[in-house]
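Worksheet for the structure shown next.
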Amino acid sequence: MKIYANLHVISLVGMFFLFSIVFQLESEEHSGKFVVAIREPLQNEDGFRSITRTLEKGRDTSNWWEYYQYNICSMNPDGTDFQRLTDDGVSYNPRWSPDGERIAYISGIERSKSLYVMSADGTEKKQLIKRAYDIHDYWWSPKSNAILVVVEIDRPKDRLENWEVTVEGKIKRWRSERWAKGWLHWDQNGEKVQEPNRRILEILPKGISWPEWSPDRRWIAFKTDSLLALAEPDVVSMGRSWFLQLDEPPCGNIEEWSPDGKHVLFYTSGEICTVSVEKGKIKNYRNLSLYPGREATWSPDGNYVAFIGNDSNRRRTSEIFTIHVESGKMEQITSTIYDFINLHWR
């Protein structure tokens, strides 16, 4: 009787661990939340013509706001709980704050762009930068209390500036275009904005811009000679040279580092790829998607990548997909009548 009782206890314990593993996997798969912009045709004749590709020959379509509207939405990573957060028709490029409490986004048309923040549910919208000529990029502070922004000013030369903007709206400006293309960066704790040593631009190959800083701010990933390359700015600045390791993979452009700083997400011929970074060396080059995608973003735990790609059946809309990094299992999350852009997962 004791043997059967012990077997029963062991069986229950085994089932408990099995259910725990299944629950953990499901929790990982559905952790965090997407924020994304959607593009829809305006409900007028020009909007109808643009979506059906029947605009008159020679018609200028560069003014997208005459044909489409862009708004920001959020949803769970399984496609549920879809919510529209803006309704002005000119809002896009949303990004979660690191603490998940706020969303920053750009609103406005060409030559009149503003930077806003809002609460995660779309309330408490606040304008931080008003009607700039252009806003090229921005990065949240790790403390979620400020944003570093690349702003273009309408003037003959030195058009780019870096602005540090707090969520209360206080602005500090760096007017040197030398560092404007992604070189200024938040320190690891988010306490202040830092400049790298000036010699880094002298040592690295000419023309390097928009580097992607690792979460610990120790490494940068960048593109050179159509290859994905790495450098340790503090170390390179103390030396006299930098060179390729001759094992760098081909690279079209770089998306982002993984949350743990151990992997880089990038594109080769438009296909979504990853590499591991071990002691400054690139390892384990993998093509995840095996077909073109864009706006790829890591899940909070780094186990999944979400991206936007064409619907496999209709080919006319862009949809959201997820890939499990280890297994390569891919799943289409959405099926809609509009296009997704600017996907971010937090």
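The way I read the labels, and the way they are meant: chains A, B, ... in the order of the structure tokens, residue 1 as the first residue of every chain, and ligand 1 as the first ligand shown, with later ones counted on from there.
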- Query: Skipping near chain neighbours, those fewer than 5 positions away, what residues fall within 8 Å of Glu331 of chain A using only C-alpha atoms, listed as a PyMOL selection string?
  - Reply: chain A and resi 321-323
- Task: From a DSSP pass on the backbone, collect the residues of segment 109-258 of chain A flagged as strand (DSSP E) and hand them back as a ChimeraX atom specification.
- Result: /A:109,112-119,126-132,134-140,146-152,160-166,171-174,185-186,193-194,212-213,220-224,227-231,253-257
- Excluding Ser112 of chain A and residues on its chain fewer than 4 positions from it, collect all residues at most 7 Å away from it, counting only C-alpha atoms, and give them as number ranges by chain. A: 108, 131-134
- Minimum-distance residue to Asp88 of chain A, chosen among A:Leu228, A:Ile103, A:Leu42, A:Ala306 (using only C-alpha atoms):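 Selected residue with least distance to Asp88 of chain A: A:Leu42.
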- Message: If we count only C-alpha atoms and set the cut-off at 8 Å, which residues sit around Ser237 of chain A, ignoring sequence neighbours fewer than 3 positions away in its own chain? Please answer as a PyMOL selection string.
- Response: chain A and resi 197-200+203+233-234+240
Using all heavy atoms, can you export the residues from the last selection as a PDB file, in the first residue's frame?
ATOM      1  N   ASN A 197      34.422  58.903 -26.641  1.00  0.00           N
ATOM      2  CA  ASN A 197      35.678  59.603 -26.881  1.00  0.00           C
ATOM      3  C   ASN A 197      35.740  60.051 -28.337  1.00  0.00           C
ATOM      4  O   ASN A 197      35.378  59.317 -29.246  1.00  0.00           O
ATOM      5  CB  ASN A 197      36.847  58.667 -26.559  1.00  0.00           C
ATOM      6  CG  ASN A 197      38.191  59.354 -26.616  1.00  0.00           C
ATOM      7  OD1 ASN A 197      38.625  59.830 -27.664  1.00  0.00           O
ATOM      8  ND2 ASN A 197      38.870  59.395 -25.472  1.00  0.00           N
ATOM      9  N   ARG A 198      36.187  61.279 -28.570  1.00  0.00           N
ATOM     10  CA  ARG A 198      36.183  61.845 -29.925  1.00  0.00           C
ATOM     11  C   ARG A 198      37.013  61.028 -30.905  1.00  0.00           C
ATOM     12  O   ARG A 198      36.779  61.065 -32.112  1.00  0.00           O
ATOM     13  CB  ARG A 198      36.696  63.278 -29.887  1.00  0.00           C
ATOM     14  CG  ARG A 198      38.119  63.424 -29.398  1.00  0.00           C
ATOM     15  CD  ARG A 198      38.588  64.865 -29.383  1.00  0.00           C
ATOM     16  NE  ARG A 198      39.951  64.988 -28.894  1.00  0.00           N
ATOM     17  CZ  ARG A 198      41.030  64.773 -29.629  1.00  0.00           C
ATOM     18  NH1 ARG A 198      40.903  64.407 -30.898  1.00  0.00           N
ATOM     19  NH2 ARG A 198      42.243  64.912 -29.107  1.00  0.00           N
ATOM     20  N   ARG A 199      37.998  60.262 -30.398  1.00  0.00           N
ATOM     21  CA  ARG A 199      38.879  59.506 -31.282  1.00  0.00           C
ATOM     22  C   ARG A 199      38.162  58.329 -31.939  1.00  0.00           C
ATOM     23  O   ARG A 199      38.667  57.766 -32.911  1.00  0.00           O
ATOM     24  CB  ARG A 199      40.110  59.005 -30.524  1.00  0.00           C
ATOM     25  CG  ARG A 199      41.011  60.109 -30.001  1.00  0.00           C
ATOM     26  CD  ARG A 199      42.354  59.576 -29.537  1.00  0.00           C
ATOM     27  NE  ARG A 199      43.140  59.067 -30.650  1.00  0.00           N
ATOM     28  CZ  ARG A 199      43.622  57.822 -30.729  1.00  0.00           C
ATOM     29  NH1 ARG A 199      43.354  56.948 -29.779  1.00  0.00           N
ATOM     30  NH2 ARG A 199      44.356  57.449 -31.758  1.00  0.00           N
ATOM     31  N   ILE A 200      37.014  57.946 -31.419  1.00  0.00           N
ATOM     32  CA  ILE A 200      36.313  56.791 -31.988  1.00  0.00           C
ATOM     33  C   ILE A 200      35.976  57.022 -33.453  1.00  0.00           C
ATOM     34  O   ILE A 200      36.068  56.115 -34.283  1.00  0.00           O
ATOM     35  CB  ILE A 200      35.041  56.451 -31.170  1.00  0.00           C
ATOM     36  CG1 ILE A 200      34.436  55.114 -31.608  1.00  0.00           C
ATOM     37  CG2 ILE A 200      34.000  57.536 -31.286  1.00  0.00           C
ATOM     38  CD1 ILE A 200      35.226  53.923 -31.199  1.00  0.00           C
ATOM     39  N   ILE A 203      39.138  56.522 -35.628  1.00  0.00           N
ATOM     40  CA  ILE A 203      39.694  55.171 -35.732  1.00  0.00           C
ATOM     41  C   ILE A 203      38.793  54.234 -36.532  1.00  0.00           C
ATOM     42  O   ILE A 203      39.277  53.440 -37.349  1.00  0.00           O
ATOM     43  CB  ILE A 203      39.949  54.602 -34.319  1.00  0.00           C
ATOM     44  CG1 ILE A 203      41.009  55.446 -33.607  1.00  0.00           C
ATOM     45  CG2 ILE A 203      40.372  53.147 -34.383  1.00  0.00           C
ATOM     46  CD1 ILE A 203      41.207  55.105 -32.164  1.00  0.00           C
ATOM     47  N   PRO A 233      33.798  50.856 -27.849  1.00  0.00           N
ATOM     48  CA  PRO A 233      34.265  52.240 -28.004  1.00  0.00           C
ATOM     49  C   PRO A 233      35.347  52.667 -27.032  1.00  0.00           C
ATOM     50  O   PRO A 233      36.317  53.327 -27.432  1.00  0.00           O
ATOM     51  CB  PRO A 233      32.980  53.055 -27.815  1.00  0.00           C
ATOM     52  CG  PRO A 233      31.899  52.141 -28.271  1.00  0.00           C
ATOM     53  CD  PRO A 233      32.328  50.781 -27.825  1.00  0.00           C
ATOM     54  N   ASP A 234      35.217  52.323 -25.741  1.00  0.00           N
ATOM     55  CA  ASP A 234      36.210  52.766 -24.762  1.00  0.00           C
ATOM     56  C   ASP A 234      37.585  52.176 -25.055  1.00  0.00           C
ATOM     57  O   ASP A 234      38.612  52.848 -24.891  1.00  0.00           O
ATOM     58  CB  ASP A 234      35.769  52.383 -23.348  1.00  0.00           C
ATOM     59  CG  ASP A 234      34.571  53.187 -22.877  1.00  0.00           C
ATOM     60  OD1 ASP A 234      34.298  54.243 -23.501  1.00  0.00           O
ATOM     61  OD2 ASP A 234      33.905  52.767 -21.914  1.00  0.00           O
ATOM     62  N   ARG A 240      44.990  52.511 -31.595  1.00  0.00           N
ATOM     63  CA  ARG A 240      45.294  53.268 -32.795  1.00  0.00           C
ATOM     64  C   ARG A 240      44.610  52.711 -34.037  1.00  0.00           C
ATOM     65  O   ARG A 240      44.679  53.325 -35.091  1.00  0.00           O
ATOM     66  CB  ARG A 240      46.808  53.281 -33.018  1.00  0.00           C
ATOM     67  CG  ARG A 240      47.571  54.012 -31.936  1.00  0.00           C
ATOM     68  CD  ARG A 240      49.049  54.043 -32.263  1.00  0.00           C
ATOM     69  NE  ARG A 240      49.809  54.786 -31.254  1.00  0.00           N
ATOM     70  CZ  ARG A 240      51.127  54.953 -31.302  1.00  0.00           C
ATOM     71  NH1 ARG A 240      51.822  54.437 -32.298  1.00  0.00           N
ATOM     72  NH2 ARG A 240      51.729  55.631 -30.347  1.00  0.00           N
TER      73      ARG A 240
END
- Point out the residue among A:Leu184, A:Glu164, A:Thr334, A:Asp154 with the least atom-to-atom distance to Thr317 of chain A, counting only C-alpha atoms. A:Thr334
- Message: Taking 2 positions as the minimum chain separation for residues in the same chain, which residues sit within 12 Å of Asn310 of chain A when counting only C-alpha atoms? Answer as a PyMOL selection string.
- Response: chain A and resi 291-294+307-308+312-321+332+334-341
Test item: residues at most 8 Å from segment 72-78 of chain A, only C-alpha atoms, excluding those fewer than 3 positions along its chain, as a PDB file with N, CA and C atoms, in the first residue's frame:
ATOM      1  N   GLU A  29       5.365  32.838 -23.980  1.00  0.00           N
ATOM      2  CA  GLU A  29       4.891  33.116 -25.327  1.00  0.00           C
ATOM      3  C   GLU A  29       4.003  34.340 -25.361  1.00  0.00           C
ATOM      4  N   HIS A  30       3.266  34.589 -24.288  1.00  0.00           N
ATOM      5  CA  HIS A  30       2.297  35.675 -24.296  1.00  0.00           C
ATOM      6  C   HIS A  30       2.697  36.814 -23.356  1.00  0.00           C
ATOM      7  N   SER A  31       3.974  36.911 -23.014  1.00  0.00           N
ATOM      8  CA  SER A  31       4.398  37.959 -22.094  1.00  0.00           C
ATOM      9  C   SER A  31       4.531  39.287 -22.819  1.00  0.00           C
ATOM     10  N   GLY A  32       4.383  40.370 -22.062  1.00  0.00           N
ATOM     11  CA  GLY A  32       4.544  41.695 -22.623  1.00  0.00           C
ATOM     12  C   GLY A  32       3.367  42.138 -23.472  1.00  0.00           C
ATOM     13  N   LYS A  33       3.584  43.199 -24.250  1.00  0.00           N
ATOM     14  CA  LYS A  33       2.516  43.770 -25.064  1.00  0.00           C
ATOM     15  C   LYS A  33       3.123  44.444 -26.286  1.00  0.00           C
ATOM     16  N   PHE A  34       2.385  44.380 -27.411  1.00  0.00           N
ATOM     17  CA  PHE A  34       2.789  45.083 -28.627  1.00  0.00           C
ATOM     18  C   PHE A  34       2.238  46.501 -28.615  1.00  0.00           C
ATOM     19  N   VAL A  35       3.027  47.435 -29.154  1.00  0.00           N
ATOM     20  CA  VAL A  35       2.490  48.719 -29.570  1.00  0.00           C
ATOM     21  C   VAL A  35       2.899  48.874 -31.029  1.00  0.00           C
ATOM     22  N   VAL A  36       1.994  49.369 -31.868  1.00  0.00           N
ATOM     23  CA  VAL A  36       2.214  49.373 -33.307  1.00  0.00           C
ATOM     24  C   VAL A  36       1.360  50.463 -33.937  1.00  0.00           C
ATOM     25  N   ALA A  37       1.786  50.968 -35.082  1.00  0.00           N
ATOM     26  CA  ALA A  37       0.966  51.918 -35.841  1.00  0.00           C
ATOM     27  C   ALA A  37       0.266  51.169 -36.967  1.00  0.00           C
ATOM     28  N   ILE A  38      -0.944  51.597 -37.305  1.00  0.00           N
ATOM     29  CA  ILE A  38      -1.668  51.016 -38.428  1.00  0.00           C
ATOM     30  C   ILE A  38      -1.921  52.090 -39.482  1.00  0.00           C
ATOM     31  N   ASP A  81      -7.040  41.623 -27.177  1.00  0.00           N
ATOM     32  CA  ASP A  81      -7.076  42.923 -26.484  1.00  0.00           C
ATOM     33  C   ASP A  81      -6.554  44.054 -27.378  1.00  0.00           C
ATOM     34  N   PHE A  82      -7.005  44.097 -28.618  1.00  0.00           N
ATOM     35  CA  PHE A  82      -6.613  45.149 -29.555  1.00  0.00           C
ATOM     36  C   PHE A  82      -7.281  46.460 -29.151  1.00  0.00           C
ATOM     37  N   GLN A  83      -6.481  47.537 -29.003  1.00  0.00           N
ATOM     38  CA  GLN A  83      -7.000  48.838 -28.595  1.00  0.00           C
ATOM     39  C   GLN A  83      -6.375  49.942 -29.431  1.00  0.00           C
ATOM     40  N   ARG A  84      -7.208  50.859 -29.924  1.00  0.00           N
ATOM     41  CA  ARG A  84      -6.699  52.058 -30.585  1.00  0.00           C
ATOM     42  C   ARG A  84      -6.398  53.109 -29.523  1.00  0.00           C
ATOM     43  N   LEU A  85      -5.201  53.667 -29.601  1.00  0.00           N
ATOM     44  CA  LEU A  85      -4.761  54.625 -28.594  1.00  0.00           C
ATOM     45  C   LEU A  85      -4.769  56.059 -29.098  1.00  0.00           C
ATOM     46  N   THR A  86      -4.738  56.270 -30.426  1.00  0.00           N
ATOM     47  CA  THR A  86      -4.844  57.614 -30.998  1.00  0.00           C
ATOM     48  C   THR A  86      -5.882  57.600 -32.111  1.00  0.00           C
ATOM     49  N   ASP A  87      -6.414  58.768 -32.429  1.00  0.00           N
ATOM     50  CA  ASP A  87      -7.413  58.872 -33.497  1.00  0.00           C
ATOM     51  C   ASP A  87      -7.210  60.137 -34.334  1.00  0.00           C
ATOM     52  N   SER A  91      -0.314  59.826 -36.354  1.00  0.00           N
ATOM     53  CA  SER A  91       0.559  59.364 -35.276  1.00  0.00           C
ATOM     54  C   SER A  91       1.177  58.012 -35.625  1.00  0.00           C
ATOM     55  N   TYR A  92       2.482  57.862 -35.343  1.00  0.00           N
ATOM     56  CA  TYR A  92       3.214  56.660 -35.740  1.00  0.00           C
ATOM     57  C   TYR A  92       4.511  56.571 -34.933  1.00  0.00           C
ATOM     58  N   PRO A  94       5.644  54.448 -32.489  1.00  0.00           N
ATOM     59  CA  PRO A  94       5.519  54.368 -31.026  1.00  0.00           C
ATOM     60  C   PRO A  94       6.595  53.481 -30.412  1.00  0.00           C
ATOM     61  N   ILE A 333       0.134  36.253 -36.252  1.00  0.00           N
ATOM     62  CA  ILE A 333      -0.672  36.700 -35.122  1.00  0.00           C
ATOM     63  C   ILE A 333      -1.922  37.444 -35.571  1.00  0.00           C
TER      64      ILE A 333
END
- Message: Which residue is closest to Gly270 of chain A? Choose from A:Ala296, A:Val150, A:Ser258, A:Val165 and count only C-alpha atoms.
- Response: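 Among the listed residues, the smallest separation from Gly270 of chain A belongs to A:Ala296.
Closest approach to Ile254 of chain A among A:Glu212, A:Glu152, A:Glu161, A:Glu40 is made by A:Glu212 (distances from only C-alpha atoms).
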